[in-house]
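A.B. asks: Got run05.cif for you, mmCIF, C-alpha atoms and all ligand atoms:
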data_model
loop_
_atom_site.label_atom_id
_atom_site.label_comp_id
_atom_site.auth_asym_id
_atom_site.auth_seq_id
_atom_site.Cartn_x
_atom_site.Cartn_y
_atom_site.Cartn_z
CA MET A 1 91.67 105.92 86.10
CA GLY A 2 89.72 109.04 86.98
CA SER A 3 91.34 109.22 90.42
CA ILE A 4 91.96 112.43 92.30
CA SER A 5 95.57 113.46 92.90
CA VAL A 6 97.05 113.01 96.34
CA ASP A 7 100.10 114.51 98.04
CA ILE A 8 102.79 111.88 98.50
CA PRO A 9 105.44 112.47 101.20
CA THR A 10 109.08 112.20 100.05
CA ALA A 11 112.33 111.54 101.92
CA ARG A 12 113.26 115.20 101.29
CA GLY A 13 110.63 116.10 103.85
CA ASP A 14 108.26 117.71 101.33
CA VAL A 15 105.36 116.27 99.36
CA VAL A 16 104.89 115.69 95.66
CA SER A 17 101.48 115.67 94.05
CA SER A 18 100.71 112.31 92.43
CA ASP A 19 100.15 114.01 89.07
CA ARG A 20 103.75 115.26 89.26
CA LEU A 21 105.50 111.99 90.15
CA GLY A 22 106.59 111.60 86.52
CA PRO A 23 108.41 108.46 85.35
CA THR A 24 108.63 106.30 88.46
CA LEU A 25 110.44 103.09 89.38
CA MET A 26 108.26 101.32 91.91
CA HIS A 27 110.62 98.89 93.65
CA GLU A 28 114.12 100.23 94.32
CA HIS A 29 116.47 100.56 97.26
CA VAL A 30 118.98 103.18 98.29
CA PHE A 31 120.80 101.19 101.00
CA LEU A 32 120.29 97.49 101.64
CA CYS A 33 122.40 96.35 104.52
CA ASP A 34 122.58 94.66 107.86
CA HIS A 35 122.99 97.28 110.59
CA GLU A 36 123.94 94.79 113.27
CA VAL A 37 126.74 93.40 111.12
CA ASN A 38 127.81 96.90 110.01
CA ILE A 39 127.98 98.21 113.58
CA SER A 40 129.97 95.19 114.76
CA TRP A 41 132.38 95.08 111.82
CA PRO A 42 132.48 98.60 110.35
CA ASP A 43 134.50 97.54 107.32
CA THR A 44 131.34 95.74 106.06
CA PHE A 45 129.81 99.17 105.40
CA GLY A 46 132.68 101.63 105.16
CA ASN A 47 132.34 105.38 105.02
CA VAL A 48 128.80 106.72 105.19
CA ASP A 49 129.67 110.03 103.48
CA HIS A 50 131.14 108.08 100.60
CA HIS A 51 127.98 105.96 100.25
CA VAL A 52 125.69 108.97 100.44
CA ALA A 53 127.68 110.75 97.71
CA ASN A 54 127.71 107.60 95.62
CA ALA A 55 123.92 107.17 95.92
CA VAL A 56 123.39 110.81 94.94
CA GLU A 57 125.56 110.26 91.88
CA GLN A 58 123.57 107.16 90.84
CA LEU A 59 120.25 108.93 91.33
CA ASN A 60 121.41 111.96 89.39
CA ALA A 61 122.34 109.63 86.51
CA LEU A 62 118.83 108.22 86.77
CA ALA A 63 117.38 111.74 86.59
CA ALA A 64 119.48 112.35 83.48
CA ALA A 65 117.89 109.21 82.00
CA GLY A 66 114.45 110.74 82.59
CA ILE A 67 113.27 109.08 85.81
CA ARG A 68 111.76 111.53 88.32
CA THR A 69 110.78 109.28 91.24
CA ILE A 70 111.80 106.04 92.92
CA THR A 71 109.96 104.10 95.58
CA ASP A 72 112.51 102.87 98.12
CA VAL A 73 110.79 99.74 99.42
CA THR A 74 113.42 99.15 102.10
CA ALA A 75 111.64 97.79 105.19
CA ILE A 76 112.48 96.39 108.62
CA GLY A 77 114.83 93.49 107.89
CA HIS A 78 116.66 95.44 105.19
CA GLY A 79 118.68 97.69 107.50
CA ARG A 80 116.25 100.57 106.92
CA ASP A 81 117.76 103.93 107.98
CA VAL A 82 115.54 106.71 106.71
CA ALA A 83 117.79 109.45 108.14
CA ARG A 84 120.53 108.24 105.82
CA VAL A 85 118.11 108.13 102.87
CA ALA A 86 116.95 111.66 103.75
CA ARG A 87 120.55 112.88 103.41
CA VAL A 88 120.60 111.47 99.87
CA ALA A 89 117.16 112.89 99.09
CA ARG A 90 118.19 116.42 99.98
CA GLU A 91 120.98 116.27 97.39
CA THR A 92 119.18 114.83 94.37
CA GLU A 93 116.24 116.01 92.31
CA VAL A 94 114.86 112.45 92.13
CA ASN A 95 111.92 112.07 94.52
CA ILE A 96 112.50 109.19 96.93
CA LEU A 97 109.31 107.75 98.40
CA VAL A 98 109.83 105.49 101.40
CA ALA A 99 108.08 102.41 102.73
CA THR A 100 107.11 100.88 105.99
CA GLY A 101 106.49 97.22 106.68
CA ILE A 102 108.64 94.23 107.18
CA TYR A 103 110.75 91.89 105.08
CA VAL A 104 110.49 88.44 106.63
CA LEU A 105 110.81 85.27 104.55
CA ALA A 106 110.47 82.82 107.44
CA GLU A 107 111.07 84.14 110.95
CA LEU A 108 110.42 87.55 112.54
CA PRO A 109 113.22 89.57 114.19
CA SER A 110 113.53 88.72 117.90
CA TYR A 111 111.76 91.90 119.00
CA PHE A 112 108.47 90.56 117.58
CA ARG A 113 109.03 86.79 117.41
CA LEU A 114 108.00 85.44 120.79
CA PHE A 115 104.97 87.61 121.49
CA GLY A 116 102.04 87.67 119.09
CA PRO A 117 99.28 85.73 117.41
CA GLY A 118 100.24 82.04 117.18
CA SER A 119 103.62 82.71 118.81
CA PHE A 120 105.34 81.27 121.91
CA ILE A 121 103.40 83.72 124.06
CA GLU A 122 99.94 84.38 122.62
CA ALA A 123 99.46 88.14 122.49
CA PRO A 124 97.89 90.79 120.26
CA GLU A 125 99.93 91.92 117.22
CA THR A 126 102.23 94.85 117.98
CA MET A 127 103.72 95.51 114.53
CA THR A 128 100.64 97.19 113.07
CA ASP A 129 100.81 100.27 115.30
CA TYR A 130 104.43 100.87 114.28
CA PHE A 131 103.56 100.70 110.58
CA VAL A 132 100.66 103.10 111.08
CA ARG A 133 102.89 105.49 113.02
CA ASP A 134 105.41 105.50 110.12
CA ILE A 135 102.61 106.46 107.73
CA GLU A 136 100.82 109.01 109.87
CA GLU A 137 103.57 110.61 111.96
CA GLY A 138 106.88 109.77 110.33
CA ILE A 139 109.77 107.37 110.74
CA GLY A 140 112.15 107.59 113.69
CA GLU A 141 113.12 111.21 114.24
CA THR A 142 113.15 112.13 110.55
CA GLY A 143 109.53 113.23 110.25
CA VAL A 144 109.54 111.47 106.85
CA ARG A 145 106.27 109.62 106.32
CA ALA A 146 105.96 106.31 104.51
CA SER A 147 103.74 106.23 101.43
CA ILE A 148 103.54 102.49 100.82
CA LEU A 149 103.52 99.23 102.82
CA LYS A 150 105.94 96.42 102.04
CA VAL A 151 105.63 92.74 102.90
CA ALA A 152 107.30 89.55 101.68
CA THR A 153 106.67 85.88 101.14
CA GLY A 154 109.38 83.46 100.00
CA HIS A 155 110.41 79.84 99.63
CA ALA A 156 109.36 78.97 103.18
CA GLY A 157 105.78 79.94 102.29
CA LEU A 158 103.23 80.82 104.96
CA THR A 159 105.09 80.27 108.21
CA ASN A 160 103.29 81.64 111.27
CA ASP A 161 105.63 84.66 111.27
CA VAL A 162 105.06 85.38 107.57
CA LEU A 163 101.30 85.14 108.16
CA ARG A 164 101.59 87.62 111.03
CA CYS A 165 103.42 90.04 108.68
CA LEU A 166 100.82 89.69 105.91
CA ARG A 167 97.90 90.18 108.31
CA SER A 168 99.59 93.06 110.10
CA VAL A 169 100.41 94.89 106.87
CA ALA A 170 96.83 94.29 105.69
CA ALA A 171 95.55 95.85 108.93
CA ALA A 172 97.87 98.87 108.61
CA HIS A 173 96.71 99.29 105.01
CA ARG A 174 93.06 99.28 106.02
CA ARG A 175 93.71 101.78 108.83
CA THR A 176 95.62 104.22 106.60
CA GLY A 177 94.61 103.59 102.99
CA VAL A 178 98.18 103.53 101.64
CA PRO A 179 98.86 100.83 99.02
CA ILE A 180 100.72 97.56 99.61
CA THR A 181 103.62 96.23 97.55
CA THR A 182 105.06 92.75 97.96
CA HIS A 183 108.11 90.60 97.45
CA THR A 184 107.56 87.13 96.02
CA SER A 185 110.18 84.43 95.40
CA VAL A 186 108.02 81.75 93.73
CA LYS A 187 104.63 81.68 91.99
CA GLN A 188 102.72 80.30 94.96
CA ASN A 189 103.68 83.39 96.97
CA GLY A 190 101.53 85.72 94.84
CA ARG A 191 98.52 83.43 95.14
CA ASP A 192 99.01 83.06 98.91
CA GLN A 193 99.36 86.82 99.38
CA GLN A 194 96.14 87.52 97.51
CA ARG A 195 94.31 84.83 99.48
CA ILE A 196 95.46 86.15 102.89
CA PHE A 197 94.78 89.76 101.91
CA GLU A 198 91.28 88.75 100.82
CA GLU A 199 90.74 87.05 104.18
CA GLU A 200 91.74 90.33 105.81
CA GLY A 201 89.22 92.27 103.70
CA VAL A 202 91.84 94.01 101.52
CA ASP A 203 90.69 95.43 98.19
CA LEU A 204 93.20 93.69 95.91
CA SER A 205 93.15 96.58 93.44
CA ARG A 206 95.17 98.50 96.04
CA VAL A 207 98.00 95.94 96.02
CA VAL A 208 101.05 95.43 93.81
CA ILE A 209 102.15 91.79 93.67
CA GLY A 210 105.89 92.18 93.13
CA HIS A 211 108.60 90.38 91.19
CA VAL A 212 106.26 88.54 88.83
CA ASP A 213 108.75 89.21 86.00
CA SER A 214 111.10 86.81 87.80
CA THR A 215 108.63 84.39 89.40
CA ALA A 216 106.30 83.91 86.39
CA ASP A 217 109.26 83.01 84.19
CA GLY A 218 107.10 83.41 81.08
CA ASP A 219 103.90 81.93 82.54
CA LEU A 220 101.16 84.19 81.16
CA GLY A 221 98.43 82.20 82.95
CA TYR A 222 99.93 82.89 86.36
CA VAL A 223 100.14 86.64 85.80
CA GLU A 224 96.59 86.80 84.42
CA GLU A 225 95.39 84.88 87.48
CA LEU A 226 96.80 87.68 89.69
CA LEU A 227 95.47 90.41 87.38
CA ASP A 228 91.99 88.84 87.26
CA LYS A 229 91.78 89.31 91.02
CA GLY A 230 92.36 93.01 90.46
CA SER A 231 95.94 93.58 91.64
CA PHE A 232 98.71 95.45 89.92
CA VAL A 233 101.71 93.30 89.06
CA GLY A 234 105.34 94.36 89.34
CA PHE A 235 107.83 93.69 86.59
CA ASP A 236 110.08 95.12 89.20
CA SER A 237 113.13 92.90 89.54
CA PHE A 238 115.09 93.60 86.35
CA ALA A 239 118.32 93.79 88.39
CA LEU A 240 117.91 90.23 89.64
CA PRO A 241 119.14 87.50 87.30
CA LEU A 242 116.24 85.15 88.09
CA ALA A 243 114.67 84.90 84.63
CA ASP A 244 116.21 85.96 81.35
CA LEU A 245 115.48 89.34 79.83
CA ASP A 246 113.97 87.94 76.60
CA THR A 247 111.40 85.99 78.61
CA LYS A 248 110.50 89.04 80.70
CA VAL A 249 110.16 91.37 77.70
CA GLU A 250 108.15 88.84 75.71
CA LEU A 251 105.76 88.25 78.62
CA MET A 252 105.30 91.97 79.20
CA ALA A 253 104.61 92.62 75.51
CA LYS A 254 102.05 89.79 75.52
CA LEU A 255 100.30 91.15 78.62
CA ILE A 256 100.14 94.64 77.13
CA ALA A 257 98.75 93.27 73.84
CA ARG A 258 96.07 91.47 75.88
CA GLY A 259 94.95 94.72 77.50
CA HIS A 260 96.75 94.60 80.85
CA GLY A 261 99.06 97.54 80.17
CA ASN A 262 97.34 99.67 82.81
CA ARG A 263 98.08 97.21 85.64
CA ILE A 264 101.86 96.73 85.31
CA VAL A 265 104.55 98.72 87.13
CA VAL A 266 108.29 98.42 86.54
CA SER A 267 111.55 98.58 88.49
CA HIS A 268 114.91 96.91 89.10
CA ASP A 269 115.08 96.00 92.79
CA HIS A 270 118.53 97.58 92.64
CA ALA A 271 120.29 99.14 95.63
CA CYS A 272 122.80 102.00 95.38
CA PHE A 273 124.71 100.13 98.08
CA VAL A 274 124.11 96.52 99.07
CA ASP A 275 126.08 94.38 101.48
CA PHE A 276 123.93 91.25 100.89
CA MET A 277 125.72 90.36 97.69
CA PRO A 278 129.40 90.56 96.72
CA LYS A 279 130.23 92.88 93.83
CA GLU A 280 131.33 90.02 91.59
CA TYR A 281 127.75 88.69 91.57
CA GLN A 282 126.39 91.97 90.28
CA GLY A 283 126.27 91.90 86.49
CA ASP A 284 125.72 94.68 83.96
CA PHE A 285 121.99 94.48 84.75
CA TYR A 286 122.74 95.61 88.32
CA ARG A 287 122.33 99.38 87.92
CA LYS A 288 119.69 102.06 88.32
CA THR A 289 119.49 102.96 84.62
CA TYR A 290 119.10 99.43 83.24
CA PHE A 291 115.37 99.83 82.54
CA THR A 292 115.77 103.05 80.57
CA ASP A 293 119.01 101.98 78.84
CA VAL A 294 118.17 98.38 78.00
CA VAL A 295 114.63 97.25 78.82
CA GLU A 296 112.72 100.19 77.32
CA PRO A 297 114.37 99.88 73.87
CA ARG A 298 113.69 96.14 73.96
CA LEU A 299 110.00 96.75 74.71
CA LEU A 300 109.74 99.20 71.81
CA ALA A 301 111.44 96.65 69.54
CA ALA A 302 108.88 94.06 70.69
CA GLY A 303 106.08 96.29 69.39
CA VAL A 304 105.13 98.08 72.62
CA SER A 305 104.25 101.72 71.85
CA GLU A 306 105.81 104.76 73.50
CA ALA A 307 102.42 105.55 75.05
CA GLN A 308 102.28 102.06 76.53
CA VAL A 309 105.78 102.47 78.01
CA ARG A 310 104.63 105.77 79.47
CA ALA A 311 101.72 103.99 81.12
CA LEU A 312 104.18 101.59 82.79
CA THR A 313 106.38 104.33 84.19
CA VAL A 314 104.00 107.28 84.67
CA ASP A 315 100.28 106.47 84.65
CA ASN A 316 100.38 103.19 86.56
CA PRO A 317 102.59 104.28 89.49
CA ARG A 318 100.37 107.35 89.76
CA ALA A 319 97.30 105.10 89.80
CA VAL A 320 98.83 102.94 92.55
CA PHE A 321 99.49 105.95 94.79
CA GLU A 322 96.11 107.53 94.00
CA THR A 323 94.38 104.49 95.51
CA THR A 324 95.39 106.17 98.80
CA ALA A 325 92.64 108.74 98.13
CA ARG A 326 90.05 106.00 98.60
CA GLY A 327 91.00 106.23 102.27
CA ALA A 328 90.86 103.87 105.22
CA TYR A 329 88.19 101.18 105.32
ZN ZN B 1 113.46 94.69 96.97
#
Please express the file's structure as structure tokens.

C.D. replies:
Amino acid sequence: MGSISVDIPTARGDVVSSDRLGPTLMHEHVFLCDHEVNISWPDTFGNVDHHVANAVEQLNALAAAGIRTITDVTAIGHGRDVARVARVARETEVNILVATGIYVLAELPSYFRLFGPGSFIEAPETMTDYFVRDIEEGIGETGVRASILKVATGHAGLTNDVLRCLRSVAAAHRRTGVPITTHTSVKQNGRDQQRIFEEEGVDLSRVVIGHVDSTADGDLGYVEELLDKGSFVGFDSFALPLADLDTKVELMAKLIARGHGNRIVVSHDHACFVDFMPKEYQGDFYRKTYFTDVVEPRLLAAGVSEAQVRALTVDNPRAVFETTARGAY
């Protein structure tokens, strides 16, 4: 892409140059949980040392499979605890990049809900400054800076609170220059996100529209619609059983054959520990090495070249993070 390399902060507390990110999964989680529930009923989380050790073990297995970096897109609403992630990061060679932003599918957490644009009490947006602080100064007391912004849209569509999140993340992006990555649950979400971002003056080539592997469900036209507007698309939910693997692989091979191989990033949306979903609902696909073990061989069998797979895991994540060098605007 001819971009210049940038230093990306990691949860270890150091930085990694974008040309040294290596094979990268763009939409993962270390811990996905509900702090309020966990604090009230400690058995819902269990022993933190155990979970840290377990996450380290899973990430080391990922390193053994050749992945060098994950983007932990855990945001407010996901039980984000960067101090806990930093403990994991210090014990594994996998780089963990962390996110700021908010995961709201319908209604904001109480702290933000009643005060703000279009809310019960009309007031200026307060979320944006927190996101910017996470990017520029660091999160909580960890000093770990966020390198990407996360926002979501789901089945409820553009509720006032979801709109506030999209506009606030767009504003934080424009103030800092770090890229945006999104969660989508249905096709309309990707279109809505691009439309709102455009209204907010966001350069869509600095955005990853996430989970299109699941939401497109084989619809090439939908994905090309998003790509035509300049965004990256995430085939980044391989650990979610929302569309079958054959459909995802076939669609990806088709997109690559049609020249879009430089705009696709990949991931699982897997968490080392998750309390949102009972174990019995987590199938064989629910693991950190599923892409390298299962998806990659399937792509090669579908006629995708090794160089094209490398673009998905190495060149494209690098290109996403190097958009940061274009700066604030
Ligand atoms: Zn996710």

A.B. asks: With stretch 14-29 of chain A as the partner and 7 Å as the cut-off, tabulate the residues of stretch 223-316 of chain A that qualify, each row holding the nearest pair of atoms and their distance in Å to one decimal, using all atoms listed in the file, sorted by chain and rising number, as JSON lines.

C.D. replies:
{"residue": "A:Asp236", "atom": "CA", "partner": "A:His27", "partner_atom": "CA", "distance": 5.9}
{"residue": "A:Val265", "atom": "CA", "partner": "A:Met26", "partner_atom": "CA", "distance": 6.6}
{"residue": "A:Val266", "atom": "CA", "partner": "A:Leu25", "partner_atom": "CA", "distance": 5.9}
{"residue": "A:Ser267", "atom": "CA", "partner": "A:Leu25", "partner_atom": "CA", "distance": 4.7}
{"residue": "A:His268", "atom": "CA", "partner": "A:Glu28", "partner_atom": "CA", "distance": 6.2}
{"residue": "A:Asp269", "atom": "CA", "partner": "A:Glu28", "partner_atom": "CA", "distance": 4.6}
{"residue": "A:His270", "atom": "CA", "partner": "A:Glu28", "partner_atom": "CA", "distance": 5.4}
{"residue": "A:Ala271", "atom": "CA", "partner": "A:His29", "partner_atom": "CA", "distance": 4.4}
{"residue": "A:Cys272", "atom": "CA", "partner": "A:His29", "partner_atom": "CA", "distance": 6.8}
{"residue": "A:Thr313", "atom": "CA", "partner": "A:Pro23", "partner_atom": "CA", "distance": 4.7}
{"residue": "A:Val314", "atom": "CA", "partner": "A:Pro23", "partner_atom": "CA", "distance": 4.6}

A.B. asks: What are the closest atom pairs, with distances in Å to one decimal, for each residue of chain A lying within 12 Å of ligand ZN 1 (chain B), using all atoms listed in the file, rows by chain and rising residue number, as CSV?

C.D. replies:
residue,atom,partner,partner_atom,distance
A:Leu25,CA,B:ZN1,ZN,11.7
A:Met26,CA,B:ZN1,ZN,9.8
A:His27,CA,B:ZN1,ZN,6.1
A:Glu28,CA,B:ZN1,ZN,6.2
A:His29,CA,B:ZN1,ZN,6.6
A:Val30,CA,B:ZN1,ZN,10.2
A:Phe31,CA,B:ZN1,ZN,10.6
A:Leu32,CA,B:ZN1,ZN,8.7
A:Cys33,CA,B:ZN1,ZN,11.8
A:Thr71,CA,B:ZN1,ZN,10.1
A:Asp72,CA,B:ZN1,ZN,8.3
A:Val73,CA,B:ZN1,ZN,6.2
A:Thr74,CA,B:ZN1,ZN,6.8
A:Ala75,CA,B:ZN1,ZN,9.0
A:Ile76,CA,B:ZN1,ZN,11.8
A:Gly77,CA,B:ZN1,ZN,11.1
A:His78,CA,B:ZN1,ZN,8.9
A:Arg80,CA,B:ZN1,ZN,11.9
A:Ala99,CA,B:ZN1,ZN,11.0
A:Ile102,CA,B:ZN1,ZN,11.3
A:Tyr103,CA,B:ZN1,ZN,9.0
A:Val104,CA,B:ZN1,ZN,11.9
A:Lys150,CA,B:ZN1,ZN,9.2
A:Val151,CA,B:ZN1,ZN,10.0
A:Ala152,CA,B:ZN1,ZN,9.3
A:Thr153,CA,B:ZN1,ZN,11.9
A:Thr181,CA,B:ZN1,ZN,10.0
A:Thr182,CA,B:ZN1,ZN,8.7
A:His183,CA,B:ZN1,ZN,6.8
A:Thr184,CA,B:ZN1,ZN,9.6
A:Ser185,CA,B:ZN1,ZN,10.9
A:Gly210,CA,B:ZN1,ZN,8.9
A:His211,CA,B:ZN1,ZN,8.7
A:Gly234,CA,B:ZN1,ZN,11.1
A:Phe235,CA,B:ZN1,ZN,11.9
A:Asp236,CA,B:ZN1,ZN,8.5
A:Ser237,CA,B:ZN1,ZN,7.6
A:Phe238,CA,B:ZN1,ZN,10.8
A:Ala239,CA,B:ZN1,ZN,9.9
A:Leu240,CA,B:ZN1,ZN,9.7
A:Ser267,CA,B:ZN1,ZN,9.5
A:His268,CA,B:ZN1,ZN,8.3
A:Asp269,CA,B:ZN1,ZN,4.7
A:His270,CA,B:ZN1,ZN,7.3
A:Ala271,CA,B:ZN1,ZN,8.3
A:Cys272,CA,B:ZN1,ZN,12.0
A:Val274,CA,B:ZN1,ZN,11.0
A:Phe276,CA,B:ZN1,ZN,11.7

A.B. asks: Could you give me, as a Markdown table, every stretch 59-148 of chain A residue with an atom at most 6 Å from stretch 166-179 of chain A, plus its closest atom pair and distance in Å to one decimal, counting only C-alpha atoms, rows ordered by chain then number?

C.D. replies:
| residue | atom | partner | partner_atom | distance |
| --- | --- | --- | --- | --- |
| A:Thr128 | CA | A:Ser168 | CA | 5.2 |
| A:Val132 | CA | A:Ala172 | CA | 5.6 |
| A:Ile148 | CA | A:Pro179 | CA | 5.3 |

A.B. asks: Pick out the residues sitting within 8 Å of stretch 109-123 of chain A, and hand them over as a list in words; count all atoms listed in the file, and ignore anything fewer than 3 positions along from it in its own chain.

C.D. replies: Gly77, Thr126, Met127, Asn160, Asp161 and Arg164 of chain A

A.B. asks: For the residues in the current selection, export C-alpha atoms as a PDB file, in the frame of the given file.

C.D. replies:
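Final output, saved to selection.pdb:
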ATOM      1  CA  GLY A  77     114.830  93.490 107.890  1.00  0.00           C
ATOM      2  CA  THR A 126     102.230  94.850 117.980  1.00  0.00           C
ATOM      3  CA  MET A 127     103.720  95.510 114.530  1.00  0.00           C
ATOM      4  CA  ASN A 160     103.290  81.640 111.270  1.00  0.00           C
ATOM      5  CA  ASP A 161     105.630  84.660 111.270  1.00  0.00           C
ATOM      6  CA  ARG A 164     101.590  87.620 111.030  1.00  0.00           C
TER       7      ARG A 164
END

A.B. asks: Grab the atom CA of A:Leu227 to atom CA of A:Val6 distance for me, in Å with one decimal place.

C.D. replies: 24.4 Å
